[in-house]
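Below is upload36.tsv, which holds TSV, C-alpha atoms and all ligand atoms.
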```tsv
chain	number	residue	atom	x	y	z
H	1	MET	CA	-59.47	20.62	-49.98
H	2	THR	CA	-60.67	21.66	-46.54
H	3	ARG	CA	-57.73	21.50	-44.12
H	4	CYS	CA	-59.49	23.04	-41.16
H	5	ILE	CA	-63.03	23.40	-39.81
H	6	ALA	CA	-63.78	26.10	-37.24
H	7	LEU	CA	-66.87	25.78	-35.04
H	8	THR	CA	-68.06	29.11	-33.71
H	9	GLY	CA	-70.83	31.05	-32.04
H	10	GLY	CA	-71.03	34.84	-32.12
H	11	VAL	CA	-68.72	37.60	-30.97
H	12	GLY	CA	-66.00	35.72	-28.97
H	13	GLY	CA	-65.39	32.87	-31.41
H	14	THR	CA	-65.62	35.07	-34.48
H	15	LYS	CA	-62.51	36.99	-33.41
H	16	LEU	CA	-60.47	33.81	-33.87
H	17	VAL	CA	-62.30	33.02	-37.11
H	18	LEU	CA	-61.16	36.41	-38.45
H	19	GLY	CA	-57.57	35.55	-37.49
H	20	LEU	CA	-57.82	32.16	-39.24
H	21	THR	CA	-59.12	33.77	-42.45
H	22	GLN	CA	-55.93	35.86	-42.61
H	23	ILE	CA	-53.81	32.68	-42.75
H	24	LEU	CA	-55.91	29.95	-44.37
H	25	SER	CA	-57.32	30.27	-47.89
H	26	PRO	CA	-61.07	29.90	-48.61
H	27	GLU	CA	-60.29	26.40	-49.90
H	28	GLU	CA	-58.53	25.46	-46.65
H	29	LEU	CA	-61.01	26.76	-44.05
H	30	LEU	CA	-64.71	26.02	-43.49
H	31	ILE	CA	-66.55	28.06	-40.87
H	32	ALA	CA	-69.51	26.25	-39.26
H	33	VAL	CA	-71.81	28.46	-37.21
H	34	ASN	CA	-74.26	27.86	-34.37
H	35	THR	CA	-77.90	28.52	-35.22
H	36	GLY	CA	-79.33	27.70	-31.78
H	37	ASP	CA	-79.55	31.46	-31.08
H	38	ASP	CA	-81.75	31.99	-34.15
H	39	PHE	CA	-85.32	33.08	-33.62
H	40	GLU	CA	-88.44	34.30	-35.35
H	41	HIS	CA	-89.07	37.96	-34.56
H	42	LEU	CA	-91.28	40.60	-36.21
H	43	GLY	CA	-92.02	38.07	-38.94
H	44	LEU	CA	-88.31	37.67	-39.72
H	45	THR	CA	-85.77	34.92	-39.03
H	46	ILE	CA	-82.85	36.43	-37.11
H	47	CYS	CA	-79.56	34.47	-37.16
H	48	PRO	CA	-77.34	36.44	-34.75
H	49	ASP	CA	-74.24	34.24	-34.90
H	50	ILE	CA	-74.24	33.85	-38.68
H	51	ASP	CA	-74.68	37.60	-39.02
H	52	THR	CA	-71.86	38.35	-36.58
H	53	VAL	CA	-69.57	36.16	-38.71
H	54	LEU	CA	-70.81	37.80	-41.94
H	55	TYR	CA	-70.40	41.36	-40.66
H	56	THR	CA	-67.02	40.64	-39.04
H	57	LEU	CA	-65.50	39.01	-42.13
H	58	ALA	CA	-66.94	41.79	-44.31
H	59	GLY	CA	-65.29	44.37	-42.04
H	60	ILE	CA	-68.61	46.09	-41.25
H	61	ALA	CA	-69.35	44.80	-37.72
H	62	ASN	CA	-70.05	47.24	-34.91
H	63	PRO	CA	-66.70	47.34	-33.08
H	64	ASP	CA	-68.31	48.26	-29.73
H	65	THR	CA	-70.96	45.52	-29.47
H	66	GLY	CA	-69.42	42.90	-31.80
H	67	TRP	CA	-72.93	42.23	-33.19
H	68	GLY	CA	-74.89	44.35	-35.66
H	69	ARG	CA	-73.36	46.78	-38.12
H	70	ALA	CA	-71.00	49.72	-37.70
H	71	GLN	CA	-72.37	53.18	-38.52
H	72	GLU	CA	-75.90	51.89	-38.09
H	73	SER	CA	-79.06	54.06	-38.06
H	74	TRP	CA	-82.17	53.27	-36.02
H	75	LYS	CA	-85.08	55.03	-37.81
H	76	THR	CA	-87.15	51.83	-38.14
H	77	MET	CA	-86.81	50.99	-34.43
H	78	GLU	CA	-87.78	54.58	-33.48
H	79	THR	CA	-90.83	54.45	-35.73
H	80	LEU	CA	-91.73	50.96	-34.51
H	81	GLU	CA	-91.57	52.17	-30.91
H	82	ARG	CA	-93.95	55.05	-31.71
H	83	LEU	CA	-96.33	52.50	-33.24
H	84	GLY	CA	-96.22	50.38	-30.07
H	85	GLY	CA	-94.24	47.55	-31.73
H	86	GLU	CA	-91.70	45.28	-30.01
H	87	THR	CA	-88.31	46.97	-29.77
H	88	TRP	CA	-86.52	45.03	-27.00
H	89	PHE	CA	-84.39	43.33	-29.67
H	90	ARG	CA	-82.60	46.17	-31.44
H	91	LEU	CA	-82.48	45.79	-35.21
H	92	GLY	CA	-80.69	48.62	-37.01
H	93	ASP	CA	-81.89	49.84	-40.41
H	94	GLN	CA	-79.06	48.27	-42.40
H	95	ASP	CA	-79.22	45.07	-40.36
H	96	LEU	CA	-82.97	44.90	-41.06
H	97	ALA	CA	-82.24	44.97	-44.79
H	98	LEU	CA	-80.25	41.75	-44.39
H	99	HIS	CA	-83.10	40.09	-42.45
H	100	LEU	CA	-85.55	41.16	-45.18
H	101	ALA	CA	-83.25	39.72	-47.85
H	102	ARG	CA	-83.03	36.46	-45.88
H	103	ARG	CA	-86.80	36.28	-45.39
H	104	HIS	CA	-87.41	36.94	-49.09
H	105	GLN	CA	-85.03	34.16	-50.15
H	106	MET	CA	-86.68	31.84	-47.61
H	107	THR	CA	-90.11	32.50	-49.13
H	108	LEU	CA	-88.62	31.58	-52.52
H	109	GLY	CA	-87.61	28.21	-51.04
H	110	ALA	CA	-83.85	28.69	-50.53
H	111	THR	CA	-82.17	26.86	-47.65
H	112	LEU	CA	-80.32	28.71	-44.87
H	113	THR	CA	-77.06	27.32	-46.32
H	114	GLU	CA	-77.86	28.78	-49.76
H	115	ILE	CA	-79.01	32.10	-48.29
H	116	THR	CA	-75.90	32.42	-46.13
H	117	ALA	CA	-73.68	31.73	-49.15
H	118	ASN	CA	-75.60	34.33	-51.21
H	119	LEU	CA	-75.29	36.96	-48.49
H	120	ALA	CA	-71.58	36.21	-48.00
H	121	LYS	CA	-71.02	36.63	-51.75
H	122	LYS	CA	-72.84	39.99	-51.77
H	123	LEU	CA	-70.62	41.09	-48.86
H	124	ASN	CA	-67.48	40.00	-50.78
H	125	ILE	CA	-66.60	37.27	-48.28
H	126	ARG	CA	-64.60	34.44	-49.87
H	127	HIS	CA	-64.35	31.95	-46.99
H	128	PRO	CA	-67.24	29.47	-46.82
H	129	ILE	CA	-69.63	30.07	-43.92
H	130	VAL	CA	-72.17	27.32	-43.25
H	131	PRO	CA	-75.00	27.22	-40.72
H	132	MET	CA	-74.65	24.09	-38.58
H	133	SER	CA	-77.93	22.81	-40.05
H	134	ASP	CA	-80.69	23.87	-42.43
H	135	HIS	CA	-83.23	22.55	-39.94
H	136	PRO	CA	-84.33	24.97	-37.22
H	137	VAL	CA	-82.79	24.28	-33.81
H	138	ARG	CA	-83.84	26.70	-31.08
H	139	THR	CA	-81.99	26.92	-27.76
H	140	MET	CA	-84.31	27.05	-24.75
H	141	VAL	CA	-82.81	28.13	-21.45
H	142	LEU	CA	-84.03	26.34	-18.31
H	143	THR	CA	-84.10	28.96	-15.59
H	144	GLU	CA	-85.40	29.39	-12.06
H	145	GLU	CA	-88.28	31.30	-13.71
H	146	GLY	CA	-89.06	28.46	-16.11
H	147	GLU	CA	-88.00	27.71	-19.68
H	148	MET	CA	-87.30	30.69	-21.97
H	149	PRO	CA	-86.34	31.05	-25.62
H	150	PHE	CA	-82.66	32.00	-25.81
H	151	GLN	CA	-83.00	35.62	-26.95
H	152	GLU	CA	-85.60	36.29	-24.25
H	153	TYR	CA	-83.13	35.05	-21.67
H	154	PHE	CA	-80.13	36.79	-23.24
H	155	VAL	CA	-81.45	40.15	-24.42
H	156	LYS	CA	-84.88	40.74	-22.81
H	157	ASN	CA	-83.82	39.41	-19.38
H	158	ARG	CA	-80.11	40.36	-19.74
H	159	CYS	CA	-79.01	36.84	-18.63
H	160	LEU	CA	-80.24	37.65	-15.10
H	161	PRO	CA	-82.34	34.54	-14.27
H	162	ALA	CA	-80.25	31.73	-12.76
H	163	ILE	CA	-80.02	28.82	-15.16
H	164	ASN	CA	-80.07	25.08	-14.54
H	165	GLY	CA	-79.82	23.66	-18.05
H	166	PHE	CA	-80.62	23.92	-21.75
H	167	ARG	CA	-82.90	22.26	-24.26
H	168	PHE	CA	-82.21	22.38	-27.97
H	169	ALA	CA	-85.68	22.28	-29.51
H	170	GLY	CA	-85.73	20.52	-32.89
H	171	ILE	CA	-82.25	19.00	-32.57
H	172	LYS	CA	-83.36	15.35	-32.75
H	173	SER	CA	-84.67	15.80	-36.29
H	174	ALA	CA	-82.01	18.29	-37.42
H	175	ILE	CA	-79.49	17.01	-39.94
H	176	PRO	CA	-76.05	18.65	-39.91
H	177	SER	CA	-75.25	20.82	-42.93
H	178	SER	CA	-74.28	18.60	-45.86
H	179	LYS	CA	-71.29	20.90	-46.56
H	180	LEU	CA	-70.09	20.31	-43.01
H	181	LEU	CA	-70.53	16.53	-43.23
H	182	ARG	CA	-68.71	16.51	-46.59
H	183	ALA	CA	-65.82	18.50	-45.11
H	184	PHE	CA	-65.43	15.84	-42.39
H	185	GLU	CA	-65.07	13.22	-45.14
H	186	ASP	CA	-62.41	15.23	-47.01
H	187	PRO	CA	-59.10	13.29	-46.82
H	188	ALA	CA	-57.28	16.64	-46.73
H	189	LEU	CA	-58.97	17.58	-43.43
H	190	GLU	CA	-56.44	17.81	-40.58
H	191	LEU	CA	-57.94	19.96	-37.88
H	192	LEU	CA	-61.13	20.96	-36.07
H	193	ILE	CA	-60.89	24.14	-34.02
H	194	ILE	CA	-63.55	24.86	-31.41
H	195	CYS	CA	-63.35	28.64	-31.15
H	196	PRO	CA	-63.50	30.45	-27.77
H	197	SER	CA	-67.31	30.53	-27.72
H	198	ASN	CA	-69.70	29.57	-24.94
H	199	PRO	CA	-69.59	25.73	-24.78
H	200	PHE	CA	-73.20	25.37	-23.54
H	201	ILE	CA	-75.07	27.68	-25.89
H	202	SER	CA	-72.77	28.14	-28.90
H	203	ILE	CA	-70.85	24.88	-29.35
H	204	ASP	CA	-73.08	22.19	-27.78
H	205	PRO	CA	-75.93	22.84	-30.27
H	206	ILE	CA	-73.43	22.02	-33.05
H	207	LEU	CA	-71.81	19.01	-31.36
H	208	LYS	CA	-75.18	17.57	-30.32
H	209	LEU	CA	-76.53	17.46	-33.89
H	210	PRO	CA	-77.30	13.83	-34.72
H	211	GLY	CA	-74.26	12.16	-36.28
H	212	LEU	CA	-71.84	15.03	-35.82
H	213	LYS	CA	-69.70	13.55	-33.05
H	214	LYS	CA	-69.51	10.31	-35.07
H	215	ALA	CA	-68.40	12.30	-38.15
H	216	ILE	CA	-65.66	13.92	-36.03
H	217	GLU	CA	-64.54	10.56	-34.62
H	218	ASN	CA	-64.54	8.89	-38.05
H	219	SER	CA	-62.44	11.67	-39.57
H	220	GLN	CA	-59.59	10.96	-37.09
H	221	ILE	CA	-58.45	14.58	-37.19
H	222	CYS	CA	-56.87	16.68	-34.46
H	223	VAL	CA	-59.53	18.46	-32.35
H	224	LEU	CA	-58.52	21.59	-30.46
H	225	ALA	CA	-60.56	24.00	-28.35
H	226	VAL	CA	-59.66	27.45	-27.10
H	227	SER	CA	-60.87	28.38	-23.63
H	228	PRO	CA	-63.44	31.22	-23.57
H	229	ILE	CA	-62.64	31.63	-19.85
H	230	VAL	CA	-59.53	33.57	-18.88
H	231	GLY	CA	-58.60	34.14	-15.25
H	232	GLY	CA	-62.02	32.83	-14.18
H	233	GLN	CA	-63.85	35.41	-16.30
H	234	ALA	CA	-65.61	35.06	-19.64
H	235	LEU	CA	-64.04	37.11	-22.43
H	236	LYS	CA	-67.59	37.99	-23.48
H	237	GLY	CA	-71.08	37.02	-22.35
H	238	PRO	CA	-72.49	34.82	-19.59
H	239	THR	CA	-70.16	31.76	-19.71
H	240	ALA	CA	-68.69	32.34	-16.21
H	241	LYS	CA	-72.12	33.00	-14.70
H	242	MET	CA	-73.51	29.84	-16.34
H	243	LEU	CA	-70.63	27.67	-15.09
H	244	LYS	CA	-71.27	28.81	-11.51
H	245	GLU	CA	-75.03	28.33	-11.77
H	246	LEU	CA	-74.47	24.81	-13.12
H	247	GLY	CA	-72.39	24.07	-10.01
H	248	LEU	CA	-69.06	24.08	-11.88
H	249	LYS	CA	-65.87	26.00	-11.23
H	250	SER	CA	-65.55	29.09	-13.37
H	251	ASP	CA	-62.19	28.24	-14.89
H	252	ALA	CA	-60.61	26.91	-18.06
H	253	SER	CA	-60.35	23.35	-16.69
H	254	SER	CA	-64.17	23.13	-16.46
H	255	ILE	CA	-64.34	23.95	-20.17
H	256	ALA	CA	-61.80	21.22	-21.03
H	257	GLN	CA	-63.74	18.79	-18.87
H	258	HIS	CA	-67.00	19.76	-20.56
H	259	TYR	CA	-65.61	18.88	-24.01
H	260	GLY	CA	-63.99	15.75	-22.58
H	261	LYS	CA	-62.82	12.93	-24.81
H	262	ILE	CA	-63.47	14.72	-28.10
H	263	LEU	CA	-60.45	17.00	-27.46
H	264	ASP	CA	-56.85	16.26	-28.38
H	265	GLY	CA	-55.57	19.63	-27.30
H	266	PHE	CA	-56.72	22.63	-25.31
H	267	VAL	CA	-55.50	26.22	-25.53
H	268	ILE	CA	-55.46	28.30	-22.37
H	269	ASP	CA	-54.32	31.82	-21.59
H	270	THR	CA	-50.98	32.62	-19.92
H	271	LYS	CA	-52.99	33.87	-16.93
H	272	ASP	CA	-54.22	30.29	-16.44
H	273	SER	CA	-50.88	28.52	-16.87
H	274	SER	CA	-51.20	27.07	-13.36
H	275	LEU	CA	-54.21	25.01	-14.59
H	276	GLY	CA	-52.10	23.32	-17.27
H	277	LYS	CA	-50.99	20.38	-15.10
H	278	GLN	CA	-54.55	19.56	-13.99
H	279	ILE	CA	-55.86	19.65	-17.60
H	280	ARG	CA	-52.93	17.53	-18.88
H	281	LYS	CA	-53.78	14.92	-16.22
H	282	LYS	CA	-57.18	14.49	-17.94
H	283	GLY	CA	-55.31	13.42	-21.06
H	284	HIS	CA	-55.34	16.63	-23.11
H	285	LYS	CA	-52.28	18.30	-24.60
H	286	VAL	CA	-52.22	21.88	-23.36
H	287	PHE	CA	-50.87	24.96	-25.07
H	288	VAL	CA	-50.47	28.14	-23.04
H	289	THR	CA	-50.46	31.45	-24.90
H	290	GLN	CA	-51.92	34.93	-25.04
H	291	THR	CA	-55.61	34.33	-25.98
H	292	ILE	CA	-57.11	37.78	-25.46
H	293	MET	CA	-57.71	39.21	-28.93
H	294	LYS	CA	-58.00	42.98	-29.04
H	295	SER	CA	-56.28	43.89	-32.31
H	296	LEU	CA	-56.23	42.13	-35.67
H	297	ASP	CA	-52.59	41.30	-34.93
H	298	ASP	CA	-53.67	39.47	-31.72
H	299	LYS	CA	-56.20	37.45	-33.73
H	300	VAL	CA	-53.68	36.45	-36.39
H	301	THR	CA	-51.02	35.63	-33.79
H	302	LEU	CA	-53.40	33.36	-31.86
H	303	ALA	CA	-54.56	31.69	-35.08
H	304	ASN	CA	-50.91	31.05	-36.05
H	305	ASP	CA	-50.09	29.72	-32.57
H	306	ILE	CA	-53.03	27.30	-32.74
H	307	LEU	CA	-52.02	26.01	-36.19
H	308	ASP	CA	-48.45	25.47	-34.90
H	309	PHE	CA	-49.79	23.68	-31.81
H	310	ALA	CA	-51.92	21.41	-34.01
H	311	ALA	CA	-48.95	20.65	-36.29
H	312	GLY	CA	-46.98	19.53	-33.22
H	313	ILE	CA	-49.65	17.09	-32.06
H	314	SER	CA	-49.05	13.77	-33.71
H	315	LEU	CA	-52.12	11.57	-33.61
U	1	LIG	N1	-77.78	41.67	-28.23
U	1	LIG	C1	-78.22	42.46	-27.26
U	1	LIG	O1	-77.73	42.37	-26.13
U	1	LIG	N2	-79.26	43.39	-27.50
U	1	LIG	C2	-79.83	43.52	-28.72
U	1	LIG	O2	-80.74	44.34	-28.89
U	1	LIG	C3	-79.32	42.70	-29.78
U	1	LIG	C4	-79.80	42.84	-31.08
U	1	LIG	C5	-79.24	42.07	-32.11
U	1	LIG	C6	-79.66	42.23	-33.42
U	1	LIG	C7	-79.12	41.46	-34.43
U	1	LIG	C8	-78.13	40.52	-34.13
U	1	LIG	O3	-77.61	39.77	-35.13
U	1	LIG	C9	-77.68	40.34	-32.84
U	1	LIG	C10	-78.22	41.11	-31.81
U	1	LIG	N3	-77.80	40.98	-30.49
U	1	LIG	C11	-78.29	41.77	-29.49
U	1	LIG	C12	-76.75	40.02	-30.14
U	1	LIG	C13	-77.19	38.60	-30.01
U	1	LIG	O4	-78.52	38.37	-29.78
U	1	LIG	C14	-76.33	37.81	-29.02
U	1	LIG	O5	-75.08	38.38	-28.84
U	1	LIG	C15	-76.07	36.43	-29.54
U	1	LIG	O6	-77.20	35.70	-29.83
U	1	LIG	C16	-75.17	35.65	-28.56
U	1	LIG	O7	-74.22	35.02	-29.35
```

Just give me the structure of the file as structure tokens.
Ligand code: FO1
Amino acid sequence: MTRCIALTGGVGGTKLVLGLTQILSPEELLIAVNTGDDFEHLGLTICPDIDTVLYTLAGIANPDTGWGRAQESWKTMETLERLGGETWFRLGDQDLALHLARRHQMTLGATLTEITANLAKKLNIRHPIVPMSDHPVRTMVLTEEGEMPFQEYFVKNRCLPAINGFRFAGIKSAIPSSKLLRAFEDPALELLIICPSNPFISIDPILKLPGLKKAIENSQICVLAVSPIVGGQALKGPTAKMLKELGLKSDASSIAQHYGKILDGFVIDTKDSSLGKQIRKKGHKVFVTQTIMKSLDDKVTLANDILDFAAGISL
């Protein structure tokens, strides 16, 4: 009886996901995660956003970076460096164990959905976490220096090259996760929450999967998004920089405009209350609240506020 689906990328969106898991039961909430950031590295398949969700919900995420594990050790990276291996993408020892487990299950023929469920179970996570698709989709960033795989742009080049677009390699033949499609057909489903993740690189790969927008439309549920931009700045990552480089204003209204017709309601921070009128004019209901989530209390409060906002929107 899924009541709510949350679409999320990595660190920013996962904060809200954690808040939602404190209110909604595992039967009521389905967490669908971007896999456009995934890549093949050192013979392993790395799924940064899935792993951020896993580590966060298991209570073992690194609190400083948001990605990777807390109390991590780096012996393998140190040894790899001495051997002349590639170390620009930092994989801690405990994190590596998870990538090895994933690789092993892949070689045995398990799907990413099955592997993610197995890992979540081992980490004592009860809420269902599904990759957006079992088919590989790889985000390519179109930059002034040419096209680059996402992690090369993000980590190796520290988001420095100016961007002018994105390509989601593999998306045309990628089928959305069957668990996600089934959740959209559940008559109990009331709400889709687009978490405060980067719309271009974390949410678009999910929404652009063939058939997904149709599934959302057919379900006739309330669709809400939370702005990842507060006071013109991104809460985390390169969203503000990307908006500017794409010739858009770095503010919450550009995010609402980007999602467009799919949205019924949009959540903005109190700092951006002056943008409310402009966003309402585009036909969206707007809810203004405190969206910066530092403590667990902040996360739960925002999650509660969003559920109340959704309950007040009659479709
Ligand atoms: N981000 C970095 O900025 N540097 C890293 O070395 C790095 C390693 C890493 C390892 C595992 C993992 O799951 C995530 C990791 N990330 C790293 C974060 C990640 O690549 C990005 O934050 C996401 O892809 C953006 O959502």

- Protein and nucleic acid residues within 7 Å of ligand LIG 1 (chain U) (all atoms listed in the file) as a list in words: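 With all atoms listed in the file and a cut-off of 7 Å, ligand LIG 1 (chain U) is contacted by Gly9, Gly10, Val11, Asp37, Ile46, Cys47, Pro48, Asp49, Asp51, Thr52, Trp67, Gly68, Trp88, Phe89, Arg90, Leu91, Asp95, Gln151, Phe154 and Val155 of chain H.
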
Within 9 Å of (-49.7, 30.7, -23.7) (coordinates as in the file), grab all the protein and nucleic acid residues, counting only C-alpha atoms, and write them out as a PDB file with C-alpha atoms, in the coordinates of the input.
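part_38.pdb written:
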```
ATOM      1  CA  VAL H 267     -55.500  26.220 -25.530  1.00  0.00           C
ATOM      2  CA  ILE H 268     -55.460  28.300 -22.370  1.00  0.00           C
ATOM      3  CA  ASP H 269     -54.320  31.820 -21.590  1.00  0.00           C
ATOM      4  CA  THR H 270     -50.980  32.620 -19.920  1.00  0.00           C
ATOM      5  CA  LYS H 271     -52.990  33.870 -16.930  1.00  0.00           C
ATOM      6  CA  ASP H 272     -54.220  30.290 -16.440  1.00  0.00           C
ATOM      7  CA  SER H 273     -50.880  28.520 -16.870  1.00  0.00           C
ATOM      8  CA  PHE H 287     -50.870  24.960 -25.070  1.00  0.00           C
ATOM      9  CA  VAL H 288     -50.470  28.140 -23.040  1.00  0.00           C
ATOM     10  CA  THR H 289     -50.460  31.450 -24.900  1.00  0.00           C
ATOM     11  CA  GLN H 290     -51.920  34.930 -25.040  1.00  0.00           C
ATOM     12  CA  THR H 291     -55.610  34.330 -25.980  1.00  0.00           C
ATOM     13  CA  ASP H 305     -50.090  29.720 -32.570  1.00  0.00           C
TER      14      ASP H 305
END
```

- Item | Selected residue of minimal separation from H:Pro131 among H:Cys159, H:Ala252, H:Ile175, H:Leu275, counting only C-alpha atoms |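 Closest candidate: H:Ile175.
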
- For each of H:Gly232, H:Gly19, H:Gly170, H:Gly237, take the minimum atom-to-atom distance to H:Phe200, counting only C-alpha atoms, then give the residue where this is smallest.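 Smallest separation from H:Phe200 among the options: H:Gly237.
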
With 4 Å on each side, where is the centre of the axis-aligned box around all listed atoms of stretch 213-227 of chain H, and how long are its edges in Å to one decimal, as JSON?
```
{"center_x": -63.3, "center_y": 18.6, "center_z": -31.6, "size_x": 20.8, "size_y": 27.5, "size_z": 23.9}
```

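As for atom CA of H:Phe150 and atom CA of H:Lys214, they are spaced 27.0 Å apart.
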
- Using all atoms listed in the file, the best pick from H:Ile171, H:Ala120, H:Leu180, H:Leu191 as closest to H:Asp204 would be H:Ile171

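With all atoms listed in the file as the basis for measurement, H:Ala183 is the residue among H:Ala70, H:Leu98, H:Ala183, H:Val53 that approaches H:Glu28 most closely.
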
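Distances from H:Gly265, H:Pro210, H:Pro187, H:Gly66 to H:His284 were compared using only C-alpha atoms, and the smallest one belongs to H:Gly265.
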
- Query: What is the distance between atom CA of H:Ile203 and atom CA of H:Val33, in Å to one decimal?
  - Reply: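 Between atom CA of H:Ile203 and atom CA of H:Val33 the gap works out to 8.7 Å.
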
- Go ahead and find all residues with at least one atom no further than 8 Å from (-85.0, 22.4, -27.1) in the file's coordinates, using only C-alpha atoms; report them as a list in words. Val137, Arg138, Thr139, Met140, Phe166, Arg167, Phe168, Ala169, Gly170 and Ile171 of chain H

- Message: Using Å and a single decimal, report how far atom CA of H:Ile255 sits from atom CA of H:Gly231.
- Response: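 Between atom CA of H:Gly231 and atom CA of H:Ile255 the gap works out to 12.7 Å.
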
Could you give me, as a short mmCIF file (atom, residue, chain, number, x, y, z; two decimals) with C-alpha atoms, in the frame of the given file, the residues within 9 Å of H:Arg102, counting all atoms listed in the file and dropping anything in the same chain fewer than 3 positions from it?
```cif
data_model
loop_
_atom_site.label_atom_id
_atom_site.label_comp_id
_atom_site.auth_asym_id
_atom_site.auth_seq_id
_atom_site.Cartn_x
_atom_site.Cartn_y
_atom_site.Cartn_z
CA LEU H 44 -88.31 37.67 -39.72
CA THR H 45 -85.77 34.92 -39.03
CA ILE H 46 -82.85 36.43 -37.11
CA ALA H 97 -82.24 44.97 -44.79
CA LEU H 98 -80.25 41.75 -44.39
CA HIS H 99 -83.10 40.09 -42.45
CA GLN H 105 -85.03 34.16 -50.15
CA MET H 106 -86.68 31.84 -47.61
CA THR H 107 -90.11 32.50 -49.13
CA LEU H 112 -80.32 28.71 -44.87
CA ILE H 115 -79.01 32.10 -48.29
CA THR H 116 -75.90 32.42 -46.13
CA LEU H 119 -75.29 36.96 -48.49
#
```

- Close residues, H:Gln22 itself excluded, 12 Å, only C-alpha atoms, min 4 positions apart in chain, as a VMD selection string: chain H and resid 15 to 18 26 28 to 29 57 126 to 127 296 to 304

- Quick one: of H:Leu24, H:Val286, H:Leu209, H:Ile129, who's nearest to H:Phe309, counting only C-alpha atoms? H:Val286

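Neighbouring residues of H:Gly146 at 12 Å or closer, counting all atoms listed in the file and skipping chain neighbours under 6 positions away, are Met140, Glu152, Tyr153, Pro161, Ala162, Ile163, Asn164, Gly165, Phe166 and Arg167 of chain H.
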
Just save stretch 187-223 of chain H with C-alpha atoms, as an mmCIF file, in the first residue's frame.
```cif
data_model
loop_
_atom_site.group_PDB
_atom_site.id
_atom_site.type_symbol
_atom_site.label_atom_id
_atom_site.label_comp_id
_atom_site.auth_asym_id
_atom_site.auth_seq_id
_atom_site.Cartn_x
_atom_site.Cartn_y
_atom_site.Cartn_z
ATOM 1 C CA PRO H 187 -4.666 2.746 -5.885
ATOM 2 C CA ALA H 188 -3.394 3.729 -2.418
ATOM 3 C CA LEU H 189 -0.751 6.037 -3.938
ATOM 4 C CA GLU H 190 -1.430 9.690 -3.088
ATOM 5 C CA LEU H 191 1.806 11.575 -3.446
ATOM 6 C CA LEU H 192 5.054 11.903 -5.390
ATOM 7 C CA ILE H 193 7.745 13.978 -3.709
ATOM 8 C CA ILE H 194 10.660 15.247 -5.774
ATOM 9 C CA CYS H 195 13.323 15.708 -3.107
ATOM 10 C CA PRO H 196 15.637 18.767 -3.062
ATOM 11 C CA SER H 197 18.140 17.207 -5.464
ATOM 12 C CA ASN H 198 19.733 18.681 -8.573
ATOM 13 C CA PRO H 199 16.942 18.724 -11.222
ATOM 14 C CA PHE H 200 19.326 18.305 -14.188
ATOM 15 C CA ILE H 201 21.551 15.469 -13.020
ATOM 16 C CA SER H 202 19.599 13.735 -10.239
ATOM 17 C CA ILE H 203 15.905 14.018 -11.117
ATOM 18 C CA ASP H 204 15.822 14.399 -14.931
ATOM 19 C CA PRO H 205 17.442 10.968 -15.490
ATOM 20 C CA ILE H 206 14.499 9.472 -13.543
ATOM 21 C CA LEU H 207 11.757 11.581 -15.143
ATOM 22 C CA LYS H 208 13.155 11.037 -18.646
ATOM 23 C CA LEU H 209 12.974 7.240 -18.417
ATOM 24 C CA PRO H 210 10.627 6.023 -21.156
ATOM 25 C CA GLY H 211 7.061 5.833 -19.853
ATOM 26 C CA LEU H 212 7.706 7.380 -16.456
ATOM 27 C CA LYS H 213 6.018 10.739 -17.017
ATOM 28 C CA LYS H 214 3.017 8.866 -18.487
ATOM 29 C CA ALA H 215 2.910 6.628 -15.387
ATOM 30 C CA ILE H 216 2.893 9.763 -13.191
ATOM 31 C CA GLU H 217 0.136 11.388 -15.269
ATOM 32 C CA ASN H 218 -1.981 8.224 -15.303
ATOM 33 C CA SER H 219 -1.740 7.840 -11.528
ATOM 34 C CA GLN H 220 -3.401 11.263 -11.008
ATOM 35 C CA ILE H 221 -1.554 11.787 -7.731
ATOM 36 C CA CYS H 222 -0.321 15.004 -6.162
ATOM 37 C CA VAL H 223 3.230 15.858 -7.317
#
```
